[in-house]
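Student: Okay, here's the structure, questions in a sec.
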Amino acid sequence: TMTLTGTTLLATVIELGDSVYRSGFRKLLIVNGHGGQPQVMEMAARELRLRYGDFVVIPTSVWKMPSGTAAFTSDKEKKLSMHAGHGETALMLALAPETVHMELAVANFPPEFPSKLLSPDGRPACAWTTLDFGPTGVIGDPCGATPEQGQIILESLSSHWAQAIEEVHQLKWVQ
């Protein structure tokens, strides 16, 4: 597995943003498909906005859009799934089934965070890695995921992201 440090990732995203800006674009939608670095994307967006007062940079996540996963998942999954759970597994079964080994699928949830003030929903409020919750990398319940569910999720995400991109294209924001 290849990884980047937070510092390198931040510098890389800023450099890409600089390049996009120099190419004449004044809007950038950063869609993060990995949950481990939303803060880095937000920091990069802020830095690019400070550098270029007329650059609208929107950091977000793939899963911010309606995905249709709620119809297939338990309340616990909705609340605590964070990595390789039902929705992500179903999506991968639709997109690249050869990479999914359902015979190895296991449910694994983190314990609820013990401070209701810091985490009203029970999700971890502290820094964490997937290995904090076990060796499988699963944080959720991939069991029962199907390619058909993945196709529904893919269609929902695709149509909503197309709409979001159109909205960004039409967007008029402070300059």
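Going by the structure tokens order, chains are called A, B, ..., each with residues numbered from 1, while ligands are numbered from 1 in the order shown.
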Can you tell me, as a ChimeraX atom specification, what residues are no more than 12 Å from Thr129 (chain A) when counting only C-alpha atoms, ignoring any on the same chain fewer than 2 positions away?
Tutor: /A:35-37,82-83,110,124,126-127,131-139
Student: Only N, CA and C atoms, please: the residues just picked out, written as a compact mmCIF listing (two decimals), in the first residue's frame.
Tutor:
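part22.txt, written as the output of this step:
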```txt
# COMPACT_ATOMS: atom_id res chain seq x y z
N GLY A 35 -11.70 8.37 3.72
CA GLY A 35 -12.10 9.12 4.91
C GLY A 35 -10.97 9.60 5.79
N GLY A 36 -9.76 9.21 5.53
CA GLY A 36 -8.67 9.49 6.45
C GLY A 36 -8.14 10.90 6.46
N GLN A 37 -8.52 11.74 5.51
CA GLN A 37 -7.90 13.05 5.47
C GLN A 37 -8.83 14.20 5.11
N MET A 82 -17.52 2.94 9.04
CA MET A 82 -16.56 3.96 8.57
C MET A 82 -15.61 3.45 7.50
N HIS A 83 -15.49 2.13 7.33
CA HIS A 83 -14.51 1.63 6.36
C HIS A 83 -14.86 0.19 5.98
N PRO A 110 -16.55 -0.33 15.89
CA PRO A 110 -15.79 0.23 17.01
C PRO A 110 -16.70 0.32 18.23
N PRO A 124 -16.02 7.73 16.95
CA PRO A 124 -14.77 8.17 17.58
C PRO A 124 -14.55 9.67 17.43
N CYS A 126 -11.71 11.02 18.70
CA CYS A 126 -10.26 11.19 18.74
C CYS A 126 -9.67 10.68 17.42
N ALA A 127 -8.42 11.00 17.21
CA ALA A 127 -7.72 10.47 16.03
C ALA A 127 -7.69 8.95 16.13
N LEU A 131 -6.70 0.14 12.04
CA LEU A 131 -6.11 -0.94 12.85
C LEU A 131 -6.45 -0.82 14.33
N ASP A 132 -6.87 0.37 14.78
CA ASP A 132 -7.30 0.52 16.17
C ASP A 132 -8.50 -0.38 16.48
N PHE A 133 -9.26 -0.75 15.46
CA PHE A 133 -10.49 -1.50 15.67
C PHE A 133 -10.39 -2.95 15.20
N GLY A 134 -9.19 -3.41 14.91
CA GLY A 134 -8.99 -4.80 14.55
C GLY A 134 -8.16 -4.95 13.30
N PRO A 135 -7.71 -6.18 13.04
CA PRO A 135 -6.77 -6.42 11.95
C PRO A 135 -7.39 -6.50 10.55
N THR A 136 -8.71 -6.55 10.44
CA THR A 136 -9.32 -6.76 9.12
C THR A 136 -9.42 -5.49 8.29
N GLY A 137 -9.43 -4.33 8.93
CA GLY A 137 -9.66 -3.08 8.21
C GLY A 137 -11.14 -2.77 8.06
N VAL A 138 -12.00 -3.70 8.45
CA VAL A 138 -13.45 -3.50 8.35
C VAL A 138 -13.93 -2.73 9.58
N ILE A 139 -14.67 -1.67 9.32
CA ILE A 139 -15.35 -0.94 10.38
C ILE A 139 -16.79 -0.76 9.89
```
Student: May I have the residues within 10 Å of region 60-67 of chain A as a PDB file with all heavy atoms, in the first residue's frame, using only C-alpha atoms and disregarding those fewer than 3 positions away in the same chain?
Tutor:
```pdb
ATOM      1  N   LEU A  29     -13.735  21.507  -7.223  1.00  0.00           N
ATOM      2  CA  LEU A  29     -14.466  20.598  -6.351  1.00  0.00           C
ATOM      3  C   LEU A  29     -13.539  19.423  -6.059  1.00  0.00           C
ATOM      4  O   LEU A  29     -13.174  18.676  -6.962  1.00  0.00           O
ATOM      5  CB  LEU A  29     -15.753  20.125  -7.039  1.00  0.00           C
ATOM      6  CG  LEU A  29     -16.631  19.130  -6.300  1.00  0.00           C
ATOM      7  CD1 LEU A  29     -17.148  19.728  -4.999  1.00  0.00           C
ATOM      8  CD2 LEU A  29     -17.786  18.691  -7.196  1.00  0.00           C
ATOM      9  N   ILE A  30     -13.140  19.289  -4.797  1.00  0.00           N
ATOM     10  CA  ILE A  30     -12.269  18.190  -4.381  1.00  0.00           C
ATOM     11  C   ILE A  30     -13.163  17.139  -3.738  1.00  0.00           C
ATOM     12  O   ILE A  30     -13.723  17.357  -2.669  1.00  0.00           O
ATOM     13  CB  ILE A  30     -11.205  18.660  -3.361  1.00  0.00           C
ATOM     14  CG1 ILE A  30     -10.351  19.771  -3.951  1.00  0.00           C
ATOM     15  CG2 ILE A  30     -10.354  17.483  -2.912  1.00  0.00           C
ATOM     16  CD1 ILE A  30      -9.423  20.422  -2.924  1.00  0.00           C
ATOM     17  N   VAL A  31     -13.300  15.998  -4.395  1.00  0.00           N
ATOM     18  CA  VAL A  31     -14.143  14.923  -3.883  1.00  0.00           C
ATOM     19  C   VAL A  31     -13.236  13.830  -3.349  1.00  0.00           C
ATOM     20  O   VAL A  31     -12.581  13.121  -4.114  1.00  0.00           O
ATOM     21  CB  VAL A  31     -15.092  14.380  -4.965  1.00  0.00           C
ATOM     22  CG1 VAL A  31     -15.992  13.298  -4.389  1.00  0.00           C
ATOM     23  CG2 VAL A  31     -15.920  15.509  -5.565  1.00  0.00           C
ATOM     24  N   ASN A  32     -13.192  13.719  -2.048  1.00  0.00           N
ATOM     25  CA  ASN A  32     -12.317  12.775  -1.369  1.00  0.00           C
ATOM     26  C   ASN A  32     -13.019  11.429  -1.242  1.00  0.00           C
ATOM     27  O   ASN A  32     -14.106  11.342  -0.678  1.00  0.00           O
ATOM     28  CB  ASN A  32     -11.974  13.348   0.013  1.00  0.00           C
ATOM     29  CG  ASN A  32     -10.988  12.515   0.778  1.00  0.00           C
ATOM     30  OD1 ASN A  32     -10.447  11.530   0.286  1.00  0.00           O
ATOM     31  ND2 ASN A  32     -10.751  12.909   2.005  1.00  0.00           N
ATOM     32  N   GLY A  33     -12.400  10.395  -1.747  1.00  0.00           N
ATOM     33  CA  GLY A  33     -12.962   9.053  -1.655  1.00  0.00           C
ATOM     34  C   GLY A  33     -12.414   8.255  -0.499  1.00  0.00           C
ATOM     35  O   GLY A  33     -12.757   7.096  -0.315  1.00  0.00           O
ATOM     36  N   HIS A  34     -11.576   8.855   0.312  1.00  0.00           N
ATOM     37  CA  HIS A  34     -10.965   8.161   1.445  1.00  0.00           C
ATOM     38  C   HIS A  34     -11.194   8.992   2.694  1.00  0.00           C
ATOM     39  O   HIS A  34     -10.902  10.174   2.715  1.00  0.00           O
ATOM     40  CB  HIS A  34      -9.470   7.966   1.202  1.00  0.00           C
ATOM     41  CG  HIS A  34      -8.833   7.051   2.176  1.00  0.00           C
ATOM     42  ND1 HIS A  34      -8.320   7.487   3.371  1.00  0.00           N
ATOM     43  CD2 HIS A  34      -8.626   5.718   2.145  1.00  0.00           C
ATOM     44  CE1 HIS A  34      -7.823   6.457   4.033  1.00  0.00           C
ATOM     45  NE2 HIS A  34      -8.005   5.373   3.315  1.00  0.00           N
ATOM     46  N   GLY A  35     -11.700   8.374   3.724  1.00  0.00           N
ATOM     47  CA  GLY A  35     -12.099   9.117   4.908  1.00  0.00           C
ATOM     48  C   GLY A  35     -10.973   9.602   5.791  1.00  0.00           C
ATOM     49  O   GLY A  35     -11.213  10.346   6.726  1.00  0.00           O
ATOM     50  N   PRO A  38     -10.048  14.229   5.622  1.00  0.00           N
ATOM     51  CA  PRO A  38     -10.912  15.366   5.266  1.00  0.00           C
ATOM     52  C   PRO A  38     -10.349  16.690   5.764  1.00  0.00           C
ATOM     53  O   PRO A  38     -10.507  17.721   5.102  1.00  0.00           O
ATOM     54  CB  PRO A  38     -12.251  15.037   5.936  1.00  0.00           C
ATOM     55  CG  PRO A  38     -11.913  14.080   7.021  1.00  0.00           C
ATOM     56  CD  PRO A  38     -10.723  13.301   6.526  1.00  0.00           C
ATOM     57  N   MET A  41      -7.876  18.116   3.281  1.00  0.00           N
ATOM     58  CA  MET A  41      -8.547  18.720   2.129  1.00  0.00           C
ATOM     59  C   MET A  41      -9.103  20.095   2.496  1.00  0.00           C
ATOM     60  O   MET A  41      -9.032  21.037   1.706  1.00  0.00           O
ATOM     61  CB  MET A  41      -9.659  17.813   1.608  1.00  0.00           C
ATOM     62  CG  MET A  41      -9.205  16.457   1.144  1.00  0.00           C
ATOM     63  SD  MET A  41      -7.941  16.557  -0.142  1.00  0.00           S
ATOM     64  CE  MET A  41      -6.986  15.121   0.276  1.00  0.00           C
ATOM     65  N   GLU A  42      -9.648  20.203   3.702  1.00  0.00           N
ATOM     66  CA  GLU A  42     -10.172  21.498   4.157  1.00  0.00           C
ATOM     67  C   GLU A  42      -9.042  22.514   4.309  1.00  0.00           C
ATOM     68  O   GLU A  42      -9.207  23.687   3.958  1.00  0.00           O
ATOM     69  CB  GLU A  42     -10.920  21.318   5.476  1.00  0.00           C
ATOM     70  CG  GLU A  42     -12.207  20.544   5.324  1.00  0.00           C
ATOM     71  CD  GLU A  42     -12.821  20.123   6.651  1.00  0.00           C
ATOM     72  OE1 GLU A  42     -12.279  20.474   7.726  1.00  0.00           O
ATOM     73  OE2 GLU A  42     -13.857  19.434   6.618  1.00  0.00           O
ATOM     74  N   VAL A  57     -13.024  26.876  -3.736  1.00  0.00           N
ATOM     75  CA  VAL A  57     -12.566  25.501  -3.571  1.00  0.00           C
ATOM     76  C   VAL A  57     -13.484  24.813  -2.569  1.00  0.00           C
ATOM     77  O   VAL A  57     -13.646  25.280  -1.445  1.00  0.00           O
ATOM     78  CB  VAL A  57     -11.099  25.449  -3.087  1.00  0.00           C
ATOM     79  CG1 VAL A  57     -10.613  24.012  -3.011  1.00  0.00           C
ATOM     80  CG2 VAL A  57     -10.201  26.278  -4.004  1.00  0.00           C
ATOM     81  N   ALA A  70     -29.139   3.488   2.864  1.00  0.00           N
ATOM     82  CA  ALA A  70     -29.995   3.361   4.046  1.00  0.00           C
ATOM     83  C   ALA A  70     -30.985   2.205   3.907  1.00  0.00           C
ATOM     84  O   ALA A  70     -31.334   1.569   4.901  1.00  0.00           O
ATOM     85  CB  ALA A  70     -30.736   4.663   4.306  1.00  0.00           C
ATOM     86  N   ALA A  71     -31.405   1.906   2.703  1.00  0.00           N
ATOM     87  CA  ALA A  71     -32.367   0.827   2.489  1.00  0.00           C
ATOM     88  C   ALA A  71     -31.770  -0.549   2.787  1.00  0.00           C
ATOM     89  O   ALA A  71     -32.510  -1.505   3.009  1.00  0.00           O
ATOM     90  CB  ALA A  71     -32.867   0.866   1.048  1.00  0.00           C
ATOM     91  N   GLY A  87     -22.158  -0.496   2.465  1.00  0.00           N
ATOM     92  CA  GLY A  87     -22.260   0.338   1.267  1.00  0.00           C
ATOM     93  C   GLY A  87     -21.014   0.286   0.399  1.00  0.00           C
ATOM     94  O   GLY A  87     -21.102   0.119  -0.826  1.00  0.00           O
ATOM     95  N   GLU A  88     -19.853   0.438   1.016  1.00  0.00           N
ATOM     96  CA  GLU A  88     -18.604   0.401   0.240  1.00  0.00           C
ATOM     97  C   GLU A  88     -18.394  -0.968  -0.393  1.00  0.00           C
ATOM     98  O   GLU A  88     -17.934  -1.068  -1.535  1.00  0.00           O
ATOM     99  CB  GLU A  88     -17.413   0.762   1.127  1.00  0.00           C
ATOM    100  CG  GLU A  88     -17.387   2.227   1.510  1.00  0.00           C
ATOM    101  CD  GLU A  88     -16.198   2.591   2.389  1.00  0.00           C
ATOM    102  OE1 GLU A  88     -15.421   1.698   2.802  1.00  0.00           O
ATOM    103  OE2 GLU A  88     -16.038   3.790   2.668  1.00  0.00           O
ATOM    104  N   GLY A 150     -25.010  -2.546  -4.924  1.00  0.00           N
ATOM    105  CA  GLY A 150     -23.934  -1.665  -5.370  1.00  0.00           C
ATOM    106  C   GLY A 150     -24.320  -0.873  -6.600  1.00  0.00           C
ATOM    107  O   GLY A 150     -23.974   0.304  -6.727  1.00  0.00           O
ATOM    108  N   ILE A 152     -27.361   0.071  -7.402  1.00  0.00           N
ATOM    109  CA  ILE A 152     -28.299   1.107  -6.939  1.00  0.00           C
ATOM    110  C   ILE A 152     -27.522   2.269  -6.311  1.00  0.00           C
ATOM    111  O   ILE A 152     -27.799   3.442  -6.580  1.00  0.00           O
ATOM    112  CB  ILE A 152     -29.314   0.504  -5.939  1.00  0.00           C
ATOM    113  CG1 ILE A 152     -30.256  -0.450  -6.681  1.00  0.00           C
ATOM    114  CG2 ILE A 152     -30.094   1.605  -5.224  1.00  0.00           C
ATOM    115  CD1 ILE A 152     -31.095  -1.322  -5.766  1.00  0.00           C
ATOM    116  N   ILE A 153     -26.536   1.926  -5.493  1.00  0.00           N
ATOM    117  CA  ILE A 153     -25.699   2.953  -4.853  1.00  0.00           C
ATOM    118  C   ILE A 153     -24.943   3.745  -5.916  1.00  0.00           C
ATOM    119  O   ILE A 153     -24.897   4.982  -5.873  1.00  0.00           O
ATOM    120  CB  ILE A 153     -24.736   2.304  -3.842  1.00  0.00           C
ATOM    121  CG1 ILE A 153     -25.530   1.719  -2.669  1.00  0.00           C
ATOM    122  CG2 ILE A 153     -23.690   3.292  -3.365  1.00  0.00           C
ATOM    123  CD1 ILE A 153     -24.723   0.785  -1.774  1.00  0.00           C
ATOM    124  N   LEU A 154     -24.356   3.056  -6.875  1.00  0.00           N
ATOM    125  CA  LEU A 154     -23.607   3.716  -7.943  1.00  0.00           C
ATOM    126  C   LEU A 154     -24.496   4.672  -8.735  1.00  0.00           C
ATOM    127  O   LEU A 154     -24.101   5.814  -9.012  1.00  0.00           O
ATOM    128  CB  LEU A 154     -22.989   2.671  -8.876  1.00  0.00           C
ATOM    129  CG  LEU A 154     -22.183   3.200 -10.046  1.00  0.00           C
ATOM    130  CD1 LEU A 154     -20.994   4.023  -9.577  1.00  0.00           C
ATOM    131  CD2 LEU A 154     -21.714   2.042 -10.922  1.00  0.00           C
ATOM    132  N   GLU A 155     -25.689   4.232  -9.076  1.00  0.00           N
ATOM    133  CA  GLU A 155     -26.600   5.097  -9.831  1.00  0.00           C
ATOM    134  C   GLU A 155     -27.007   6.317  -9.011  1.00  0.00           C
ATOM    135  O   GLU A 155     -27.058   7.437  -9.535  1.00  0.00           O
ATOM    136  CB  GLU A 155     -27.814   4.296 -10.288  1.00  0.00           C
ATOM    137  CG  GLU A 155     -27.468   3.303 -11.387  1.00  0.00           C
ATOM    138  CD  GLU A 155     -28.589   2.327 -11.706  1.00  0.00           C
ATOM    139  OE1 GLU A 155     -29.736   2.535 -11.247  1.00  0.00           O
ATOM    140  OE2 GLU A 155     -28.316   1.346 -12.424  1.00  0.00           O
ATOM    141  N   SER A 156     -27.257   6.118  -7.727  1.00  0.00           N
ATOM    142  CA  SER A 156     -27.636   7.241  -6.872  1.00  0.00           C
ATOM    143  C   SER A 156     -26.479   8.231  -6.734  1.00  0.00           C
ATOM    144  O   SER A 156     -26.660   9.442  -6.913  1.00  0.00           O
ATOM    145  CB  SER A 156     -28.064   6.730  -5.494  1.00  0.00           C
ATOM    146  OG  SER A 156     -28.391   7.808  -4.652  1.00  0.00           O
ATOM    147  N   LEU A 157     -25.297   7.714  -6.413  1.00  0.00           N
ATOM    148  CA  LEU A 157     -24.136   8.608  -6.276  1.00  0.00           C
ATOM    149  C   LEU A 157     -23.853   9.331  -7.586  1.00  0.00           C
ATOM    150  O   LEU A 157     -23.601  10.548  -7.590  1.00  0.00           O
ATOM    151  CB  LEU A 157     -22.904   7.822  -5.829  1.00  0.00           C
ATOM    152  CG  LEU A 157     -22.877   7.352  -4.377  1.00  0.00           C
ATOM    153  CD1 LEU A 157     -21.695   6.416  -4.136  1.00  0.00           C
ATOM    154  CD2 LEU A 157     -22.813   8.534  -3.423  1.00  0.00           C
ATOM    155  N   SER A 158     -23.897   8.609  -8.691  1.00  0.00           N
ATOM    156  CA  SER A 158     -23.592   9.217  -9.999  1.00  0.00           C
ATOM    157  C   SER A 158     -24.553  10.347 -10.337  1.00  0.00           C
ATOM    158  O   SER A 158     -24.126  11.436 -10.751  1.00  0.00           O
ATOM    159  CB  SER A 158     -23.650   8.156 -11.105  1.00  0.00           C
ATOM    160  OG  SER A 158     -22.692   7.165 -10.890  1.00  0.00           O
ATOM    161  N   SER A 159     -25.836  10.108 -10.169  1.00  0.00           N
ATOM    162  CA  SER A 159     -26.795  11.151 -10.532  1.00  0.00           C
ATOM    163  C   SER A 159     -26.689  12.348  -9.591  1.00  0.00           C
ATOM    164  O   SER A 159     -26.770  13.496 -10.039  1.00  0.00           O
ATOM    165  CB  SER A 159     -28.222  10.600 -10.554  1.00  0.00           C
ATOM    166  OG  SER A 159     -28.635  10.214  -9.258  1.00  0.00           O
ATOM    167  N   HIS A 160     -26.477  12.103  -8.318  1.00  0.00           N
ATOM    168  CA  HIS A 160     -26.350  13.221  -7.385  1.00  0.00           C
ATOM    169  C   HIS A 160     -25.047  13.988  -7.601  1.00  0.00           C
ATOM    170  O   HIS A 160     -25.025  15.223  -7.499  1.00  0.00           O
ATOM    171  CB  HIS A 160     -26.487  12.730  -5.944  1.00  0.00           C
ATOM    172  CG  HIS A 160     -27.893  12.369  -5.597  1.00  0.00           C
ATOM    173  ND1 HIS A 160     -28.342  11.070  -5.566  1.00  0.00           N
ATOM    174  CD2 HIS A 160     -28.964  13.145  -5.298  1.00  0.00           C
ATOM    175  CE1 HIS A 160     -29.624  11.062  -5.252  1.00  0.00           C
ATOM    176  NE2 HIS A 160     -30.028  12.302  -5.086  1.00  0.00           N
ATOM    177  N   TRP A 161     -23.965  13.293  -7.903  1.00  0.00           N
ATOM    178  CA  TRP A 161     -22.708  14.002  -8.170  1.00  0.00           C
ATOM    179  C   TRP A 161     -22.787  14.790  -9.479  1.00  0.00           C
ATOM    180  O   TRP A 161     -22.245  15.893  -9.577  1.00  0.00           O
ATOM    181  CB  TRP A 161     -21.505  13.064  -8.146  1.00  0.00           C
ATOM    182  CG  TRP A 161     -21.043  12.894  -6.738  1.00  0.00           C
ATOM    183  CD1 TRP A 161     -21.125  11.774  -5.961  1.00  0.00           C
ATOM    184  CD2 TRP A 161     -20.483  13.910  -5.903  1.00  0.00           C
ATOM    185  NE1 TRP A 161     -20.650  12.040  -4.700  1.00  0.00           N
ATOM    186  CE2 TRP A 161     -20.251  13.339  -4.631  1.00  0.00           C
ATOM    187  CE3 TRP A 161     -20.167  15.257  -6.089  1.00  0.00           C
ATOM    188  CZ2 TRP A 161     -19.707  14.059  -3.570  1.00  0.00           C
ATOM    189  CZ3 TRP A 161     -19.632  15.974  -5.037  1.00  0.00           C
ATOM    190  CH2 TRP A 161     -19.402  15.379  -3.790  1.00  0.00           C
ATOM    191  N   ALA A 164     -24.501  17.890  -8.522  1.00  0.00           N
ATOM    192  CA  ALA A 164     -23.620  18.761  -7.733  1.00  0.00           C
ATOM    193  C   ALA A 164     -22.605  19.470  -8.634  1.00  0.00           C
ATOM    194  O   ALA A 164     -22.337  20.662  -8.452  1.00  0.00           O
ATOM    195  CB  ALA A 164     -22.892  17.952  -6.657  1.00  0.00           C
TER     196      ALA A 164
END
```
Student: As number ranges by chain, which residues of region 40-156 of chain A does DSSP assign to alpha helix (DSSP H)?
Tutor: A: 40-51, 75-80, 86-95, 147-156
Student: When you count only C-alpha atoms, which of these residues is closest to Glu148 (chain A): A:Pro97, A:Gly53, A:Gly6, A:Gly24?
Tutor: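 Checking each candidate against Glu148 (chain A), we get A:Pro97 as the closest.
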Student: Within 8 Å of region 13-16 of chain A, which residues of region 37-143 of chain A show up? Give each one with its shortest atom-to-atom distance in Å (one decimal) and the two atoms involved, counting only C-alpha atoms, rows by chain then rising residue number, as CSV.
Tutor:
```
residue,atom,partner,partner_atom,distance
A:Met41,CA,A:Val13,CA,7.4
A:Ala44,CA,A:Ile14,CA,5.5
A:Ala45,CA,A:Ile14,CA,7.8
A:Glu47,CA,A:Ile14,CA,7.5
A:Leu48,CA,A:Ile14,CA,6.6
```
Student: Those selected residues, please, written with all heavy atoms and delivered as a PDB file, in the first residue's frame.
Tutor:
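That gives us selection07.pdb:
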```pdb
ATOM      1  N   MET A  41      -7.876  18.116   3.281  1.00  0.00           N
ATOM      2  CA  MET A  41      -8.547  18.720   2.129  1.00  0.00           C
ATOM      3  C   MET A  41      -9.103  20.095   2.496  1.00  0.00           C
ATOM      4  O   MET A  41      -9.032  21.037   1.706  1.00  0.00           O
ATOM      5  CB  MET A  41      -9.659  17.813   1.608  1.00  0.00           C
ATOM      6  CG  MET A  41      -9.205  16.457   1.144  1.00  0.00           C
ATOM      7  SD  MET A  41      -7.941  16.557  -0.142  1.00  0.00           S
ATOM      8  CE  MET A  41      -6.986  15.121   0.276  1.00  0.00           C
ATOM      9  N   ALA A  44      -6.199  22.522   2.643  1.00  0.00           N
ATOM     10  CA  ALA A  44      -5.760  22.881   1.294  1.00  0.00           C
ATOM     11  C   ALA A  44      -6.729  23.874   0.662  1.00  0.00           C
ATOM     12  O   ALA A  44      -6.308  24.860   0.044  1.00  0.00           O
ATOM     13  CB  ALA A  44      -5.637  21.627   0.430  1.00  0.00           C
ATOM     14  N   ALA A  45      -8.024  23.626   0.833  1.00  0.00           N
ATOM     15  CA  ALA A  45      -9.034  24.537   0.272  1.00  0.00           C
ATOM     16  C   ALA A  45      -8.884  25.929   0.866  1.00  0.00           C
ATOM     17  O   ALA A  45      -8.934  26.937   0.145  1.00  0.00           O
ATOM     18  CB  ALA A  45     -10.435  23.983   0.539  1.00  0.00           C
ATOM     19  N   GLU A  47      -6.161  27.275   2.210  1.00  0.00           N
ATOM     20  CA  GLU A  47      -4.912  27.877   1.726  1.00  0.00           C
ATOM     21  C   GLU A  47      -5.079  28.412   0.306  1.00  0.00           C
ATOM     22  O   GLU A  47      -4.635  29.523  -0.008  1.00  0.00           O
ATOM     23  CB  GLU A  47      -3.774  26.853   1.778  1.00  0.00           C
ATOM     24  CG  GLU A  47      -2.462  27.348   1.225  1.00  0.00           C
ATOM     25  CD  GLU A  47      -1.884  28.546   1.974  1.00  0.00           C
ATOM     26  OE1 GLU A  47      -2.150  28.711   3.183  1.00  0.00           O
ATOM     27  OE2 GLU A  47      -1.147  29.329   1.336  1.00  0.00           O
ATOM     28  N   LEU A  48      -5.728  27.645  -0.559  1.00  0.00           N
ATOM     29  CA  LEU A  48      -5.936  28.093  -1.943  1.00  0.00           C
ATOM     30  C   LEU A  48      -6.850  29.312  -1.991  1.00  0.00           C
ATOM     31  O   LEU A  48      -6.631  30.220  -2.801  1.00  0.00           O
ATOM     32  CB  LEU A  48      -6.501  26.944  -2.788  1.00  0.00           C
ATOM     33  CG  LEU A  48      -5.506  25.814  -3.045  1.00  0.00           C
ATOM     34  CD1 LEU A  48      -6.219  24.559  -3.527  1.00  0.00           C
ATOM     35  CD2 LEU A  48      -4.426  26.254  -4.036  1.00  0.00           C
TER      36      LEU A  48
END
```
Student: For the contact check between region 35-149 of chain A and region 169-173 of chain A, emit one row per residue of region 35-149 of chain A within 10 Å, containing the shortest atom pair and the distance in Å rounded to one decimal, counting only C-alpha atoms, chain then rising number order, as JSON lines.
Tutor:
```
{"residue": "A:Asp54", "atom": "CA", "partner": "A:Trp173", "partner_atom": "CA", "distance": 8.9}
{"residue": "A:Phe55", "atom": "CA", "partner": "A:Trp173", "partner_atom": "CA", "distance": 9.5}
{"residue": "A:Val56", "atom": "CA", "partner": "A:Trp173", "partner_atom": "CA", "distance": 7.4}
```
Student: Print the selection's residues with N, CA, C and O atoms to a file, as a compact mmCIF listing (two decimals), in the first residue's frame.
Tutor:
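Here's the written file selection.txt:
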```txt
# COMPACT_ATOMS: atom_id res chain seq x y z
N ASP A 54 -10.21 34.87 -5.70
CA ASP A 54 -11.34 34.57 -6.59
C ASP A 54 -11.42 33.08 -6.93
O ASP A 54 -11.99 32.69 -7.93
N PHE A 55 -10.88 32.24 -6.07
CA PHE A 55 -10.87 30.80 -6.29
C PHE A 55 -11.81 30.14 -5.29
O PHE A 55 -11.62 30.21 -4.08
N VAL A 56 -12.88 29.53 -5.79
CA VAL A 56 -13.83 28.82 -4.95
C VAL A 56 -13.41 27.35 -4.91
O VAL A 56 -13.42 26.68 -5.94
```
Student: Hey, which of A:Leu93, A:Ala11, A:Ala125, A:Leu80 ends up closest to Phe113 (chain A)? Count only C-alpha atoms.
Tutor: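 Looking only at the distances to Phe113 (chain A), the closest residue turns out to be A:Ala125.
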Student: One decimal, in Å: what's the spacing between CA of Met102 (chain A) and CA of Arg123 (chain A)?
Tutor: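 Between CA of Met102 (chain A) and CA of Arg123 (chain A) the gap is 25.7 Å.
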Student: Which of region 17-168 of chain A end up as strand (DSSP E) when DSSP is run on this backbone - answer as a ChimeraX atom specification?
Tutor: /A:27-32,56-61
Student: Quick one: distance from CA of Asp75 (chain A) to CA of Ser119 (chain A) in Å, one decimal?
Tutor: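 If I compute the distance from CA of Asp75 (chain A) to CA of Ser119 (chain A), I get 16.9 Å.
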